[in-house]
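Chemist: Quick one, upload_18.cif (mmCIF, N, CA and C atoms):
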```cif
data_input
#
loop_
_atom_site.label_atom_id
_atom_site.label_comp_id
_atom_site.auth_asym_id
_atom_site.auth_seq_id
_atom_site.Cartn_x
_atom_site.Cartn_y
_atom_site.Cartn_z
N MET A 1 -37.59 14.36 -22.49
CA MET A 1 -36.33 14.84 -21.94
C MET A 1 -36.07 16.22 -22.54
N SER A 2 -35.74 17.16 -21.68
CA SER A 2 -35.47 18.51 -22.17
C SER A 2 -34.12 18.55 -22.87
N MET A 3 -33.93 19.59 -23.65
CA MET A 3 -32.66 19.75 -24.37
C MET A 3 -31.50 19.88 -23.36
N GLU A 4 -31.76 20.56 -22.25
CA GLU A 4 -30.72 20.73 -21.22
C GLU A 4 -30.35 19.37 -20.60
N ASP A 5 -31.36 18.54 -20.29
CA ASP A 5 -31.09 17.20 -19.74
C ASP A 5 -30.32 16.34 -20.74
N LEU A 6 -30.71 16.44 -22.00
CA LEU A 6 -30.03 15.68 -23.04
C LEU A 6 -28.57 16.11 -23.14
N LEU A 7 -28.31 17.41 -23.10
CA LEU A 7 -26.95 17.92 -23.18
C LEU A 7 -26.12 17.43 -21.98
N LYS A 8 -26.69 17.51 -20.77
CA LYS A 8 -25.99 17.04 -19.57
C LYS A 8 -25.71 15.54 -19.67
N ASP A 9 -26.69 14.80 -20.16
CA ASP A 9 -26.53 13.36 -20.31
C ASP A 9 -25.39 13.05 -21.28
N LEU A 10 -25.38 13.74 -22.39
CA LEU A 10 -24.34 13.53 -23.39
C LEU A 10 -22.96 13.91 -22.86
N GLN A 11 -22.91 14.88 -21.99
CA GLN A 11 -21.63 15.32 -21.43
C GLN A 11 -21.24 14.51 -20.20
N GLY A 12 -22.10 13.57 -19.81
CA GLY A 12 -21.79 12.73 -18.65
C GLY A 12 -21.94 13.45 -17.35
N GLN A 13 -22.69 14.54 -17.33
CA GLN A 13 -22.83 15.33 -16.12
C GLN A 13 -24.16 15.11 -15.42
N LYS A 14 -25.02 14.31 -15.99
CA LYS A 14 -26.32 14.08 -15.39
C LYS A 14 -26.14 13.24 -14.15
N ASN A 15 -26.79 13.63 -13.08
CA ASN A 15 -26.72 12.87 -11.83
C ASN A 15 -27.50 11.57 -11.97
N VAL A 16 -26.85 10.50 -11.61
CA VAL A 16 -27.51 9.20 -11.64
C VAL A 16 -28.10 8.97 -10.26
N GLN A 17 -29.38 8.73 -10.21
CA GLN A 17 -30.04 8.46 -8.95
C GLN A 17 -29.82 7.00 -8.58
N GLU A 18 -29.30 6.76 -7.39
CA GLU A 18 -29.07 5.40 -6.93
C GLU A 18 -30.33 4.87 -6.27
N ASP A 19 -30.67 3.66 -6.58
CA ASP A 19 -31.84 3.02 -5.99
C ASP A 19 -31.56 2.78 -4.50
N PRO A 20 -32.32 3.43 -3.60
CA PRO A 20 -32.04 3.28 -2.17
C PRO A 20 -32.29 1.86 -1.65
N ASN A 21 -33.02 1.06 -2.41
CA ASN A 21 -33.28 -0.32 -2.00
C ASN A 21 -32.25 -1.29 -2.55
N ASN A 22 -31.29 -0.78 -3.31
CA ASN A 22 -30.31 -1.66 -3.94
C ASN A 22 -28.92 -1.01 -3.91
N ILE A 23 -28.47 -0.65 -2.74
CA ILE A 23 -27.16 -0.02 -2.57
C ILE A 23 -26.11 -1.12 -2.59
N SER A 24 -25.01 -0.88 -3.29
CA SER A 24 -23.97 -1.89 -3.36
C SER A 24 -23.37 -2.15 -1.97
N LEU A 25 -22.92 -3.38 -1.76
CA LEU A 25 -22.32 -3.73 -0.47
C LEU A 25 -21.08 -2.90 -0.20
N ASP A 26 -20.31 -2.58 -1.24
CA ASP A 26 -19.10 -1.77 -1.06
C ASP A 26 -19.42 -0.37 -0.56
N LYS A 27 -20.52 0.18 -1.02
CA LYS A 27 -20.91 1.52 -0.56
C LYS A 27 -21.53 1.45 0.82
N LEU A 28 -22.36 0.47 1.05
CA LEU A 28 -23.05 0.34 2.33
C LEU A 28 -22.08 0.02 3.46
N PHE A 29 -21.18 -0.91 3.20
CA PHE A 29 -20.19 -1.32 4.20
C PHE A 29 -18.82 -0.79 3.77
N ASN A 30 -18.73 0.53 3.66
CA ASN A 30 -17.49 1.16 3.20
C ASN A 30 -16.40 1.06 4.26
N GLU A 31 -15.22 1.49 3.90
CA GLU A 31 -14.06 1.38 4.79
C GLU A 31 -14.30 2.06 6.13
N SER A 32 -14.92 3.22 6.10
CA SER A 32 -15.19 3.96 7.33
C SER A 32 -16.12 3.16 8.26
N PHE A 33 -17.17 2.60 7.70
CA PHE A 33 -18.11 1.80 8.49
C PHE A 33 -17.40 0.59 9.08
N MET A 34 -16.64 -0.11 8.26
CA MET A 34 -15.99 -1.33 8.73
C MET A 34 -14.96 -1.04 9.81
N LYS A 35 -14.18 0.03 9.66
CA LYS A 35 -13.19 0.38 10.68
C LYS A 35 -13.86 0.79 11.98
N LYS A 36 -15.00 1.44 11.88
CA LYS A 36 -15.73 1.91 13.06
C LYS A 36 -16.35 0.74 13.84
N HIS A 37 -16.82 -0.29 13.14
CA HIS A 37 -17.59 -1.35 13.78
C HIS A 37 -16.90 -2.72 13.80
N SER A 38 -15.66 -2.79 13.30
CA SER A 38 -14.95 -4.07 13.29
C SER A 38 -13.45 -3.81 13.22
N ASN A 39 -12.67 -4.87 13.11
CA ASN A 39 -11.22 -4.74 12.94
C ASN A 39 -10.81 -4.91 11.49
N PHE A 40 -11.75 -4.74 10.58
CA PHE A 40 -11.49 -4.93 9.15
C PHE A 40 -11.57 -3.61 8.40
N ASP A 41 -10.80 -3.54 7.30
CA ASP A 41 -10.82 -2.35 6.45
C ASP A 41 -11.87 -2.46 5.35
N SER A 42 -12.33 -3.69 5.10
CA SER A 42 -13.29 -3.87 4.02
C SER A 42 -14.27 -4.99 4.36
N PHE A 43 -15.43 -4.90 3.74
CA PHE A 43 -16.45 -5.94 3.92
C PHE A 43 -15.97 -7.25 3.31
N ALA A 44 -15.23 -7.15 2.21
CA ALA A 44 -14.70 -8.35 1.56
C ALA A 44 -13.75 -9.11 2.50
N ALA A 45 -12.89 -8.38 3.20
CA ALA A 45 -11.96 -9.02 4.15
C ALA A 45 -12.73 -9.66 5.31
N PHE A 46 -13.78 -8.99 5.75
CA PHE A 46 -14.63 -9.53 6.81
C PHE A 46 -15.28 -10.85 6.37
N LEU A 47 -15.82 -10.85 5.16
CA LEU A 47 -16.44 -12.08 4.63
C LEU A 47 -15.41 -13.19 4.48
N GLU A 48 -14.25 -12.84 3.94
CA GLU A 48 -13.20 -13.82 3.70
C GLU A 48 -12.77 -14.50 5.00
N LYS A 49 -12.66 -13.73 6.07
CA LYS A 49 -12.25 -14.29 7.37
C LYS A 49 -13.21 -15.38 7.83
N GLY A 50 -14.49 -15.26 7.48
CA GLY A 50 -15.47 -16.26 7.87
C GLY A 50 -15.73 -17.31 6.80
N ASN A 51 -14.92 -17.29 5.74
CA ASN A 51 -15.10 -18.20 4.60
C ASN A 51 -16.45 -18.04 3.92
N PHE A 52 -16.91 -16.78 3.85
CA PHE A 52 -18.14 -16.46 3.13
C PHE A 52 -17.76 -15.74 1.85
N GLN A 53 -18.57 -15.94 0.81
CA GLN A 53 -18.34 -15.24 -0.46
C GLN A 53 -19.66 -14.65 -0.93
N ALA A 54 -19.65 -13.33 -1.18
CA ALA A 54 -20.85 -12.67 -1.69
C ALA A 54 -20.48 -11.33 -2.28
N THR A 55 -21.19 -10.95 -3.31
CA THR A 55 -21.03 -9.62 -3.88
C THR A 55 -22.37 -8.88 -3.91
N THR A 56 -23.44 -9.59 -3.56
CA THR A 56 -24.77 -8.96 -3.56
C THR A 56 -25.52 -9.32 -2.29
N GLN A 57 -26.52 -8.52 -2.01
CA GLN A 57 -27.39 -8.76 -0.86
C GLN A 57 -28.11 -10.12 -1.02
N ALA A 58 -28.50 -10.44 -2.23
CA ALA A 58 -29.19 -11.71 -2.49
C ALA A 58 -28.31 -12.89 -2.12
N GLU A 59 -27.01 -12.80 -2.42
CA GLU A 59 -26.09 -13.88 -2.07
C GLU A 59 -25.97 -14.02 -0.55
N ILE A 60 -25.95 -12.90 0.14
CA ILE A 60 -25.87 -12.93 1.60
C ILE A 60 -27.13 -13.57 2.18
N ASN A 61 -28.26 -13.29 1.56
CA ASN A 61 -29.52 -13.87 2.04
C ASN A 61 -29.52 -15.39 1.95
N ASN A 62 -28.63 -15.96 1.15
CA ASN A 62 -28.53 -17.41 1.01
C ASN A 62 -27.58 -18.04 2.04
N PHE A 63 -26.87 -17.23 2.82
CA PHE A 63 -25.99 -17.76 3.85
C PHE A 63 -26.81 -18.46 4.92
N HIS A 64 -26.19 -19.42 5.58
CA HIS A 64 -26.80 -20.04 6.75
C HIS A 64 -26.85 -18.96 7.83
N GLU A 65 -28.06 -18.56 8.21
CA GLU A 65 -28.25 -17.40 9.08
C GLU A 65 -27.51 -17.51 10.41
N GLU A 66 -27.61 -18.65 11.06
CA GLU A 66 -26.98 -18.83 12.37
C GLU A 66 -25.45 -18.73 12.27
N LEU A 67 -24.87 -19.34 11.24
CA LEU A 67 -23.41 -19.27 11.07
C LEU A 67 -22.95 -17.85 10.79
N PHE A 68 -23.69 -17.14 9.95
CA PHE A 68 -23.31 -15.77 9.61
C PHE A 68 -23.47 -14.86 10.83
N ASP A 69 -24.54 -15.03 11.59
CA ASP A 69 -24.74 -14.23 12.80
C ASP A 69 -23.62 -14.48 13.81
N ARG A 70 -23.17 -15.74 13.92
CA ARG A 70 -22.05 -16.04 14.83
C ARG A 70 -20.77 -15.34 14.39
N HIS A 71 -20.53 -15.35 13.08
CA HIS A 71 -19.34 -14.67 12.55
C HIS A 71 -19.44 -13.17 12.83
N ILE A 72 -20.60 -12.60 12.64
CA ILE A 72 -20.80 -11.17 12.90
C ILE A 72 -20.58 -10.87 14.37
N ALA A 73 -21.15 -11.68 15.26
CA ALA A 73 -20.99 -11.45 16.70
C ALA A 73 -19.53 -11.56 17.13
N ARG A 74 -18.79 -12.46 16.49
CA ARG A 74 -17.37 -12.67 16.82
C ARG A 74 -16.48 -11.55 16.29
N GLU A 75 -16.79 -11.05 15.10
CA GLU A 75 -15.87 -10.15 14.41
C GLU A 75 -16.28 -8.67 14.33
N THR A 76 -17.49 -8.36 14.81
CA THR A 76 -17.95 -6.96 14.76
C THR A 76 -18.57 -6.57 16.10
N LYS A 77 -19.05 -5.35 16.15
CA LYS A 77 -19.73 -4.86 17.35
C LYS A 77 -21.22 -5.21 17.34
N PHE A 78 -21.65 -5.98 16.36
CA PHE A 78 -23.06 -6.34 16.22
C PHE A 78 -23.28 -7.79 16.64
N ASN A 79 -24.55 -8.11 16.96
CA ASN A 79 -24.87 -9.49 17.34
C ASN A 79 -25.60 -10.24 16.25
N SER A 80 -25.97 -9.55 15.15
CA SER A 80 -26.67 -10.24 14.07
C SER A 80 -26.52 -9.46 12.76
N TRP A 81 -26.80 -10.17 11.66
CA TRP A 81 -26.77 -9.54 10.34
C TRP A 81 -27.82 -8.43 10.26
N LYS A 82 -28.99 -8.68 10.80
CA LYS A 82 -30.06 -7.68 10.75
C LYS A 82 -29.61 -6.38 11.42
N THR A 83 -29.01 -6.47 12.58
CA THR A 83 -28.55 -5.28 13.30
C THR A 83 -27.44 -4.57 12.51
N MET A 84 -26.53 -5.33 11.96
CA MET A 84 -25.44 -4.76 11.18
C MET A 84 -25.98 -4.06 9.93
N LEU A 85 -26.88 -4.72 9.23
CA LEU A 85 -27.47 -4.16 8.01
C LEU A 85 -28.29 -2.92 8.32
N ASP A 86 -29.11 -2.96 9.36
CA ASP A 86 -29.92 -1.80 9.74
C ASP A 86 -29.05 -0.60 10.08
N THR A 87 -27.96 -0.84 10.80
CA THR A 87 -27.05 0.25 11.18
C THR A 87 -26.37 0.81 9.93
N ALA A 88 -25.93 -0.05 9.04
CA ALA A 88 -25.28 0.41 7.81
C ALA A 88 -26.23 1.24 6.96
N ASN A 89 -27.47 0.79 6.84
CA ASN A 89 -28.47 1.56 6.08
C ASN A 89 -28.72 2.91 6.71
N SER A 90 -28.82 2.94 8.02
CA SER A 90 -29.06 4.18 8.74
C SER A 90 -27.89 5.16 8.58
N GLU A 91 -26.68 4.67 8.73
CA GLU A 91 -25.50 5.53 8.58
C GLU A 91 -25.33 6.00 7.14
N TYR A 92 -25.65 5.14 6.18
CA TYR A 92 -25.53 5.52 4.76
C TYR A 92 -26.53 6.62 4.42
N ALA A 93 -27.73 6.54 5.00
CA ALA A 93 -28.78 7.53 4.72
C ALA A 93 -28.44 8.90 5.30
N ASN A 94 -27.62 8.92 6.33
CA ASN A 94 -27.27 10.21 6.98
C ASN A 94 -26.01 10.70 6.43
#
```
Let me see the file written as structure tokens.
Modeler:
Amino acid sequence: MSMEDLLKDLQGQKNVQEDPNNISLDKLFNESFMKKHSNFDSFAAFLEKGNFQATTQAEINNFHEELFDRHIARETKFNSWKTMLDTANSEYAN
């Protein structure tokens, strides 16, 4: 690590690189995304409406797929979790 990097790190100014394969649900399904594609302001409110609880992608992967897809089709502009997730990833990347 260079002296300049060390100084930036110590001053809290070093940019933290976010793992593109592990983006938080709050960032991926932010308020703007949720308002654009559903009637919810937050992903948490969307999950709560369907009686689902998750804070990580791994927890969502444990949901009963058919039930979650039905909730998505009912409450969003998407017909499945895969479509919703792919769109969120695409919009986040841009």
Chemist: Just want the 7 Å neighbourhood of segment 53-70 of chain A, counted on all atoms listed in the file, with same-chain residues fewer than 2 positions away dropped. Output as a list in words.
Modeler: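 Using all atoms listed in the file, the neighbours found are Leu25, Leu47, Glu48, Gly50, Asn51, Ile72, Ala73, Arg74, Glu75, Asn79, Ser80 and Trp81 of chain A.
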Chemist: Any idea what the distance is between atom CA of Lys49 of chain A and atom CA of His71 of chain A?
Modeler: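 Straight-line distance from atom CA of Lys49 of chain A to atom CA of His71 of chain A works out to 8.8 Å.
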Chemist: Would you work out the distance separating atom C of Tyr92 of chain A from atom CA of Leu28 of chain A, expressed in Å to one decimal?
Modeler: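 So the answer is 7.5 Å.
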Chemist: Which of these, A:Phe46, A:Ser38, A:Lys27, A:Glu4, has the shortest distance to Phe78 of chain A once you count only C-alpha atoms?
Modeler: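 Once distances to Phe78 of chain A are computed over only C-alpha atoms, the minimum belongs to A:Ser38.
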Chemist: Just the number, please: distance in Å from atom C of Ile23 of chain A to atom CA of Asn39 of chain A, one decimal.
Modeler: 21.8 Å
Chemist: Check which residues satisfy the PyMOL selection byres ((chain A and resi 31) around 7) in the file shown, then give them as a compact mmCIF listing (two decimals) with N, CA and C atoms, in the coordinates of the input.
Modeler:
```
# COMPACT_ATOMS: atom_id res chain seq x y z
N ASP A 26 -20.31 -2.58 -1.24
CA ASP A 26 -19.10 -1.77 -1.06
C ASP A 26 -19.42 -0.37 -0.56
N PHE A 29 -21.18 -0.91 3.20
CA PHE A 29 -20.19 -1.32 4.20
C PHE A 29 -18.82 -0.79 3.77
N ASN A 30 -18.73 0.53 3.66
CA ASN A 30 -17.49 1.16 3.20
C ASN A 30 -16.40 1.06 4.26
N SER A 32 -14.92 3.22 6.10
CA SER A 32 -15.19 3.96 7.33
C SER A 32 -16.12 3.16 8.26
N PHE A 33 -17.17 2.60 7.70
CA PHE A 33 -18.11 1.80 8.49
C PHE A 33 -17.40 0.59 9.08
N MET A 34 -16.64 -0.11 8.26
CA MET A 34 -15.99 -1.33 8.73
C MET A 34 -14.96 -1.04 9.81
N LYS A 35 -14.18 0.03 9.66
CA LYS A 35 -13.19 0.38 10.68
C LYS A 35 -13.86 0.79 11.98
N LYS A 36 -15.00 1.44 11.88
CA LYS A 36 -15.73 1.91 13.06
C LYS A 36 -16.35 0.74 13.84
N PHE A 40 -11.75 -4.74 10.58
CA PHE A 40 -11.49 -4.93 9.15
C PHE A 40 -11.57 -3.61 8.40
N ASP A 41 -10.80 -3.54 7.30
CA ASP A 41 -10.82 -2.35 6.45
C ASP A 41 -11.87 -2.46 5.35
N SER A 42 -12.33 -3.69 5.10
CA SER A 42 -13.29 -3.87 4.02
C SER A 42 -14.27 -4.99 4.36
N PHE A 43 -15.43 -4.90 3.74
CA PHE A 43 -16.45 -5.94 3.92
C PHE A 43 -15.97 -7.25 3.31
```
